[in-house]
>>> print(open('input.cif').read())   # mmCIF, C-alpha atoms
data_entry
#
loop_
_atom_site.group_PDB
_atom_site.id
_atom_site.type_symbol
_atom_site.label_atom_id
_atom_site.label_comp_id
_atom_site.auth_asym_id
_atom_site.auth_seq_id
_atom_site.Cartn_x
_atom_site.Cartn_y
_atom_site.Cartn_z
ATOM 1 C CA MET V 497 129.567 131.251 74.075
ATOM 2 C CA LYS V 498 129.521 131.828 70.338
ATOM 3 C CA LYS V 499 130.827 134.761 68.340
ATOM 4 C CA ILE V 500 128.724 135.622 65.346
ATOM 5 C CA ASP V 501 130.420 137.578 62.565
ATOM 6 C CA ALA V 502 128.175 138.844 59.816
ATOM 7 C CA ILE V 503 129.098 140.772 56.697
ATOM 8 C CA VAL V 504 125.936 142.556 55.610
ATOM 9 C CA ARG V 505 124.709 145.084 53.067
ATOM 10 C CA THR V 506 124.845 148.657 54.299
ATOM 11 C CA SER V 507 121.260 149.118 53.106
ATOM 12 C CA ARG V 508 119.982 146.234 55.256
ATOM 13 C CA PHE V 509 121.918 147.310 58.312
ATOM 14 C CA ASP V 510 119.231 149.304 60.150
ATOM 15 C CA ASP V 511 116.655 146.542 59.733
ATOM 16 C CA ILE V 512 119.090 143.952 61.048
ATOM 17 C CA VAL V 513 119.986 146.014 64.113
ATOM 18 C CA ASN V 514 116.311 146.678 64.904
ATOM 19 C CA ARG V 515 115.495 143.007 64.546
ATOM 20 C CA LEU V 516 118.387 141.993 66.812
ATOM 21 C CA ARG V 517 117.294 144.459 69.473
ATOM 22 C CA LEU V 518 113.742 143.156 69.290
ATOM 23 C CA ILE V 519 114.880 139.583 69.981
ATOM 24 C CA GLY V 520 116.913 140.780 72.948
ATOM 25 C CA VAL V 521 120.495 141.278 71.768
ATOM 26 C CA THR V 522 121.899 143.829 74.197
ATOM 27 C CA GLY V 523 125.126 144.806 72.493
ATOM 28 C CA MET V 524 127.117 144.521 69.303
ATOM 29 C CA THR V 525 130.158 145.933 67.534
ATOM 30 C CA ILE V 526 130.185 147.281 63.995
ATOM 31 C CA GLY V 527 133.061 147.742 61.564
ATOM 32 C CA GLU V 528 133.040 149.315 58.119
ATOM 33 C CA VAL V 529 134.682 146.875 55.728
ATOM 34 C CA TYR V 530 135.138 146.324 51.996
ATOM 35 C CA GLY V 531 134.608 142.957 50.430
ATOM 36 C CA ILE V 532 135.237 141.182 47.180
ATOM 37 C CA SER V 533 133.113 138.315 45.940
ATOM 38 C CA ALA V 534 131.680 136.971 42.716
ATOM 39 C CA GLY V 535 128.463 138.870 43.289
ATOM 40 C CA THR V 536 129.913 142.254 44.140
ATOM 41 C CA THR V 537 132.652 142.734 41.539
ATOM 42 C CA GLY V 538 132.646 143.063 37.784
ATOM 43 C CA ASP V 539 131.000 145.501 35.443
ATOM 44 C CA ARG V 540 128.028 147.439 36.678
ATOM 45 C CA VAL V 541 125.982 149.920 34.665
ATOM 46 C CA SER V 542 124.965 152.996 36.616
ATOM 47 C CA HIS V 543 123.333 156.105 35.109
ATOM 48 C CA GLY V 544 124.258 154.885 31.650
ATOM 49 C CA GLN V 545 127.932 154.579 32.489
ATOM 50 C CA ARG V 546 129.783 151.309 32.702
ATOM 51 C CA MET V 547 131.760 151.087 35.931
ATOM 52 C CA GLN V 548 134.265 148.539 37.152
ATOM 53 C CA LEU V 549 133.492 147.545 40.743
ATOM 54 C CA ARG V 550 136.550 146.329 42.600
ATOM 55 C CA SER V 551 135.157 146.083 46.094
ATOM 56 C CA ALA V 552 131.868 146.761 47.805
ATOM 57 C CA PRO V 553 131.221 148.540 51.097
ATOM 58 C CA ARG V 554 129.719 146.315 53.771
ATOM 59 C CA TYR V 555 129.164 146.438 57.516
ATOM 60 C CA GLN V 556 130.708 143.772 59.690
ATOM 61 C CA LEU V 557 128.576 142.940 62.700
ATOM 62 C CA MET V 558 130.129 141.208 65.681
ATOM 63 C CA VAL V 559 127.943 139.766 68.439
ATOM 64 C CA VAL V 560 128.887 137.353 71.198
ATOM 65 C CA VAL V 561 125.942 135.355 72.577
ATOM 66 C CA ARG V 562 125.143 132.330 74.716
ATOM 67 C CA ASP V 563 125.316 128.980 72.899
ATOM 68 C CA GLU V 564 121.553 128.483 73.049
ATOM 69 C CA ASP V 565 120.821 131.916 71.522
ATOM 70 C CA ALA V 566 123.186 131.571 68.561
ATOM 71 C CA ALA V 567 120.738 129.929 66.154
ATOM 72 C CA GLN V 568 118.039 132.530 66.780
ATOM 73 C CA VAL V 569 120.452 135.429 66.254
ATOM 74 C CA VAL V 570 121.811 133.912 63.029
ATOM 75 C CA ASN V 571 118.241 133.414 61.774
ATOM 76 C CA ALA V 572 117.364 137.013 62.546
ATOM 77 C CA ILE V 573 120.411 138.337 60.654
ATOM 78 C CA VAL V 574 119.795 136.081 57.655
ATOM 79 C CA HIS V 575 116.089 136.891 57.571
ATOM 80 C CA SER V 576 116.511 140.692 57.784
ATOM 81 C CA GLY V 577 119.653 140.807 55.654
ATOM 82 C CA ARG V 578 118.359 138.930 52.655
ATOM 83 C CA THR V 579 117.551 140.708 49.373
ATOM 84 C CA ASP V 580 118.003 137.597 47.172
ATOM 85 C CA ALA V 581 120.482 139.488 44.971
ATOM 86 C CA PRO V 582 124.158 138.443 44.872
ATOM 87 C CA GLY V 583 126.206 140.171 47.547
ATOM 88 C CA ASP V 584 123.898 139.708 50.531
ATOM 89 C CA GLY V 585 126.878 138.685 52.643
ATOM 90 C CA LEU V 586 127.958 135.905 54.928
ATOM 91 C CA VAL V 587 127.365 134.897 58.552
ATOM 92 C CA THR V 588 129.993 132.872 60.423
ATOM 93 C CA VAL V 589 129.788 131.404 63.938
ATOM 94 C CA GLY V 590 132.831 130.640 66.078
ATOM 95 C CA ASP V 591 133.548 129.418 69.591
ATOM 96 C CA VAL V 592 134.503 131.899 72.304
ATOM 97 C CA ILE V 593 136.112 130.306 75.340
ATOM 98 C CA GLY V 594 136.228 133.333 77.607
ATOM 99 C CA ALA V 595 134.772 136.808 78.076
ATOM 100 C CA MET V 596 135.354 139.620 80.555
ATOM 101 C CA ARG V 597 133.584 142.911 81.180
ATOM 102 C CA ILE V 598 136.402 145.403 81.667
ATOM 103 C CA ARG V 599 134.576 147.728 84.070
ATOM 104 C CA THR V 600 133.536 145.130 86.646
ATOM 105 C CA GLY V 601 135.768 142.149 85.874
ATOM 106 C CA GLU V 602 132.730 139.853 85.476
ATOM 107 C CA THR V 603 133.650 136.816 83.415
ATOM 108 C CA ASN V 604 132.097 134.518 80.833
ATOM 109 C CA VAL V 605 128.289 134.485 80.474
ATOM 110 C CA ASP V 606 127.864 137.205 83.139
ATOM 111 C CA ALA V 607 129.936 139.536 80.971
ATOM 112 C CA LEU V 608 127.650 139.327 77.939
ATOM 113 C CA MET S 1183 147.283 129.803 70.690
ATOM 114 C CA LYS S 1184 144.507 132.086 71.767
ATOM 115 C CA LYS S 1185 143.027 135.143 70.106
ATOM 116 C CA ILE S 1186 142.092 138.026 72.391
ATOM 117 C CA GLU S 1187 139.602 140.534 71.050
ATOM 118 C CA ALA S 1188 139.117 143.561 73.259
ATOM 119 C CA ILE S 1189 136.672 146.374 72.652
ATOM 120 C CA ILE S 1190 137.850 149.436 74.560
ATOM 121 C CA LYS S 1191 137.368 153.179 74.879
ATOM 122 C CA PRO S 1192 139.378 154.916 72.119
ATOM 123 C CA PHE S 1193 141.311 157.218 74.470
ATOM 124 C CA LYS S 1194 142.598 154.205 76.395
ATOM 125 C CA LEU S 1195 144.431 152.796 73.379
ATOM 126 C CA ASP S 1196 147.813 154.325 74.235
ATOM 127 C CA ASP S 1197 147.643 153.127 77.861
ATOM 128 C CA VAL S 1198 146.660 149.647 76.763
ATOM 129 C CA LYS S 1199 149.377 149.508 74.114
ATOM 130 C CA ASP S 1200 152.099 150.564 76.565
ATOM 131 C CA ARG S 1201 150.888 148.110 79.208
ATOM 132 C CA LEU S 1202 150.743 145.236 76.699
ATOM 133 C CA ARG S 1203 154.286 145.958 75.533
ATOM 134 C CA GLU S 1204 155.396 145.731 79.167
ATOM 135 C CA VAL S 1205 153.981 142.209 79.458
ATOM 136 C CA GLY S 1206 155.710 141.171 76.248
ATOM 137 C CA VAL S 1207 153.074 141.482 73.548
ATOM 138 C CA GLN S 1208 154.950 142.205 70.326
ATOM 139 C CA GLY S 1209 152.172 142.860 67.878
ATOM 140 C CA MET S 1210 148.536 143.750 67.647
ATOM 141 C CA THR S 1211 145.901 144.793 65.158
ATOM 142 C CA VAL S 1212 143.634 147.739 65.870
ATOM 143 C CA TYR S 1213 140.254 148.460 64.304
ATOM 144 C CA GLU S 1214 138.056 151.514 64.556
ATOM 145 C CA VAL S 1215 134.580 150.176 65.223
ATOM 146 C CA LYS S 1216 131.218 151.334 66.517
ATOM 147 C CA GLY S 1217 128.964 149.561 68.922
ATOM 148 C CA PHE S 1218 126.574 149.593 71.802
ATOM 149 C CA GLY S 1219 126.193 147.514 74.919
ATOM 150 C CA ARG S 1220 123.491 146.917 77.480
ATOM 151 C CA THR S 1221 123.737 150.391 78.949
ATOM 152 C CA GLY S 1222 125.646 152.275 76.261
ATOM 153 C CA GLY S 1223 123.993 153.786 73.246
ATOM 154 C CA LYS S 1224 120.424 154.937 73.447
ATOM 155 C CA THR S 1225 117.109 153.325 72.583
ATOM 156 C CA GLU S 1226 114.100 155.361 71.588
ATOM 157 C CA VAL S 1227 110.682 154.172 70.562
ATOM 158 C CA PHE S 1228 109.518 156.065 67.500
ATOM 159 C CA ARG S 1229 105.891 155.673 66.415
ATOM 160 C CA GLY S 1230 105.618 152.490 68.365
ATOM 161 C CA SER S 1231 107.965 150.237 66.468
ATOM 162 C CA ALA S 1232 111.086 151.845 65.011
ATOM 163 C CA TYR S 1233 114.189 152.026 67.131
ATOM 164 C CA VAL S 1234 116.911 154.626 66.938
ATOM 165 C CA VAL S 1235 120.233 153.279 68.107
ATOM 166 C CA ASP S 1236 123.220 155.425 68.879
ATOM 167 C CA PHE S 1237 126.455 153.705 68.080
ATOM 168 C CA VAL S 1238 129.395 154.750 70.199
ATOM 169 C CA PRO S 1239 132.876 154.817 68.607
ATOM 170 C CA LYS S 1240 135.174 152.168 70.042
ATOM 171 C CA ILE S 1241 138.537 150.607 69.337
ATOM 172 C CA MET S 1242 138.850 146.866 68.851
ATOM 173 C CA ILE S 1243 142.248 145.297 69.533
ATOM 174 C CA GLU S 1244 143.088 141.861 68.209
ATOM 175 C CA ILE S 1245 146.048 139.959 69.660
ATOM 176 C CA VAL S 1246 147.100 136.335 69.220
ATOM 177 C CA VAL S 1247 149.155 134.987 72.151
ATOM 178 C CA LYS S 1248 150.627 131.723 73.385
ATOM 179 C CA ASP S 1249 148.404 129.788 75.804
ATOM 180 C CA ALA S 1250 150.942 130.237 78.630
ATOM 181 C CA VAL S 1251 150.730 134.043 78.722
ATOM 182 C CA LEU S 1252 146.977 134.344 78.101
ATOM 183 C CA ASN S 1253 145.997 135.179 81.695
ATOM 184 C CA ASP S 1254 148.742 137.781 82.150
ATOM 185 C CA VAL S 1255 147.790 139.543 78.940
ATOM 186 C CA VAL S 1256 144.048 139.557 79.678
ATOM 187 C CA LEU S 1257 144.599 140.934 83.189
ATOM 188 C CA ALA S 1258 147.027 143.595 81.950
ATOM 189 C CA LEU S 1259 144.578 144.604 79.253
ATOM 190 C CA ALA S 1260 141.634 144.751 81.644
ATOM 191 C CA ASN S 1261 143.577 146.821 84.182
ATOM 192 C CA ALA S 1262 144.853 149.275 81.585
ATOM 193 C CA ALA S 1263 141.474 149.733 79.910
ATOM 194 C CA LYS S 1264 139.475 150.122 83.112
ATOM 195 C CA THR S 1265 137.960 153.482 84.052
ATOM 196 C CA GLY S 1266 135.168 152.084 86.248
ATOM 197 C CA LYS S 1267 132.541 153.894 84.186
ATOM 198 C CA ILE S 1268 129.935 152.490 81.843
ATOM 199 C CA GLY S 1269 131.282 151.690 78.381
ATOM 200 C CA ASP S 1270 134.666 150.264 79.348
ATOM 201 C CA GLY S 1271 134.124 147.422 76.889
ATOM 202 C CA LYS S 1272 134.599 143.681 76.825
ATOM 203 C CA ILE S 1273 137.321 141.127 76.217
ATOM 204 C CA PHE S 1274 136.677 137.916 74.308
ATOM 205 C CA VAL S 1275 139.000 134.924 74.066
ATOM 206 C CA SER S 1276 138.856 132.207 71.434
ATOM 207 C CA THR S 1277 141.086 129.403 70.204
ATOM 208 C CA ILE S 1278 143.288 129.781 67.127
ATOM 209 C CA ASP S 1279 144.155 126.591 65.237
ATOM 210 C CA GLU S 1280 147.077 127.830 63.192
ATOM 211 C CA ALA S 1281 149.264 130.880 62.611
ATOM 212 C CA ILE S 1282 151.729 131.427 59.798
ATOM 213 C CA ARG S 1283 154.198 134.279 59.399
ATOM 214 C CA ILE S 1284 153.875 135.177 55.752
ATOM 215 C CA ARG S 1285 157.465 136.341 55.203
ATOM 216 C CA THR S 1286 159.251 133.258 56.551
ATOM 217 C CA GLY S 1287 156.579 130.571 56.553
ATOM 218 C CA GLU S 1288 157.099 129.880 60.290
ATOM 219 C CA LYS S 1289 154.100 128.154 61.833
ATOM 220 C CA GLY S 1290 152.378 127.936 65.203
ATOM 221 C CA ASP S 1291 153.922 129.539 68.281
ATOM 222 C CA ASP S 1292 157.024 130.576 66.281
ATOM 223 C CA ALA S 1293 154.893 132.780 64.078
ATOM 224 C CA ILE S 1294 153.511 134.989 66.841
#
>>> encode(input="input.cif", output="structure tokens")
Amino acid sequence: MKKIDAIVRTSRFDDIVNRLRLIGVTGMTIGEVYGISAGTTGDRVSHGQRMQLRSAPRYQLMVVVRDEDAAQVVNAIVHSGRTDAPGDGLVTVGDVIGAMRIRTGETNVDAL
Amino acid sequence: MKKIEAIIKPFKLDDVKDRLREVGVQGMTVYEVKGFGRTGGKTEVFRGSAYVVDFVPKIMIEIVVKDAVLNDVVLALANAAKTGKIGDGKIFVSTIDEAIRIRTGEKGDDAI
């Protein structure tokens, strides 16, 4: 199993979730996070006023999927999350060695 | 070392925390997250293509434990978080390569 962590723009969030549901992702967890990167900090001009941006709001998406589905899910997130402007976010993939559904005690792939 | 990530019902947090302390877990990190699973949340078809997804508030607990106590901790967590109803959540386990206690610089098992 693979755990996919994606930091995405709040404005792209709905599209990403819809896309993931369409390709068959049955569950995910969302956190509200703040991030700092070269593309999201610095001076920004808004309504004629210069503002210093120190951190930018982002959603963190966490999905655990079967090994063979990981590439497709990553593609879907990248494709729907892209605006081509700096600050589009980052997708990371890590190994998960075990999973359990709390209600039934099912383990590993059955628990997904 | 192993990292346990558990997504649980928010009102179960106190039970889970007490139970984990009983089995010797000394520290944990708690996040307020939102999510949906296979049966949780709600899917509606709107004008044929758009989906409306209801995200349910959840708590995510992150614990890093020594390999030797992994099973005990996972079982304790699962038992404490279980209500038998839909939406009890999931537990994921992954491998951690390194841990460092920032204050003292201790590494590995000593740091957790």
>>> interface_residues(input="input.cif", of="chain S", to="chain V", cutoff="8 Å", atoms="all atoms listed in the file", output="MDAnalysis selection string")
chainID S and resid 1213:1220 1232:1233 1260:1261 1263:1277
>>> residues_around(input="input.cif", residues="Val570 (chain V)", least_positions_apart="5", cutoff="10 Å", atoms="all atoms listed in the file", output="list in words")
Ile500, Asp501, Ala502, Leu516, Asp565, His575, Val587, Thr588 and Val589 of chain V
>>> resolve_selection(input="input.cif", expression="the PyMOL selection byres ((chain S and resi 1251) around 10)", output="mmCIF file with C-alpha atoms, in the coordinates of the input")
data_model
loop_
_atom_site.group_PDB
_atom_site.id
_atom_site.type_symbol
_atom_site.label_atom_id
_atom_site.label_comp_id
_atom_site.auth_asym_id
_atom_site.auth_seq_id
_atom_site.Cartn_x
_atom_site.Cartn_y
_atom_site.Cartn_z
ATOM 1 C CA MET S 1183 147.283 129.803 70.690
ATOM 2 C CA LYS S 1184 144.507 132.086 71.767
ATOM 3 C CA VAL S 1205 153.981 142.209 79.458
ATOM 4 C CA GLY S 1206 155.710 141.171 76.248
ATOM 5 C CA VAL S 1207 153.074 141.482 73.548
ATOM 6 C CA VAL S 1247 149.155 134.987 72.151
ATOM 7 C CA LYS S 1248 150.627 131.723 73.385
ATOM 8 C CA ASP S 1249 148.404 129.788 75.804
ATOM 9 C CA ALA S 1250 150.942 130.237 78.630
ATOM 10 C CA LEU S 1252 146.977 134.344 78.101
ATOM 11 C CA ASN S 1253 145.997 135.179 81.695
ATOM 12 C CA ASP S 1254 148.742 137.781 82.150
ATOM 13 C CA VAL S 1255 147.790 139.543 78.940
ATOM 14 C CA VAL S 1256 144.048 139.557 79.678
#
>>> atom_distance(input="input.cif", atom1="CA of Ile1189 (chain S)", atom2="CA of Ile1243 (chain S)")
6.5 Å
>>> atom_distance(input="input.cif", atom1="CA of Ile573 (chain V)", atom2="CA of Ser507 (chain V)")
13.2 Å
>>> atom_distance(input="input.cif", atom1="CA of Ile1241 (chain S)", atom2="CA of Gly520 (chain V)")
24.0 Å
>>> closest_residue(input="input.cif", among="S:Ile1282, S:Met1210, S:Val1238, S:Lys1289", to="Ala1188 (chain S)", atoms="all atoms listed in the file")
S:Met1210
>>> resolve_selection(input="input.cif", expression="the PyMOL selection byres ((chain S and resi 1199) around 10)", output="PyMOL selection string")
chain S and resi 1194-1198+1200-1204+1207-1210+1243+1259+1262-1263
>>> closest_residue(input="input.cif", among="V:Ile519, V:Tyr555, V:Gly531, V:Asp606", to="Gly577 (chain V)", atoms="all atoms listed in the file")
V:Tyr555
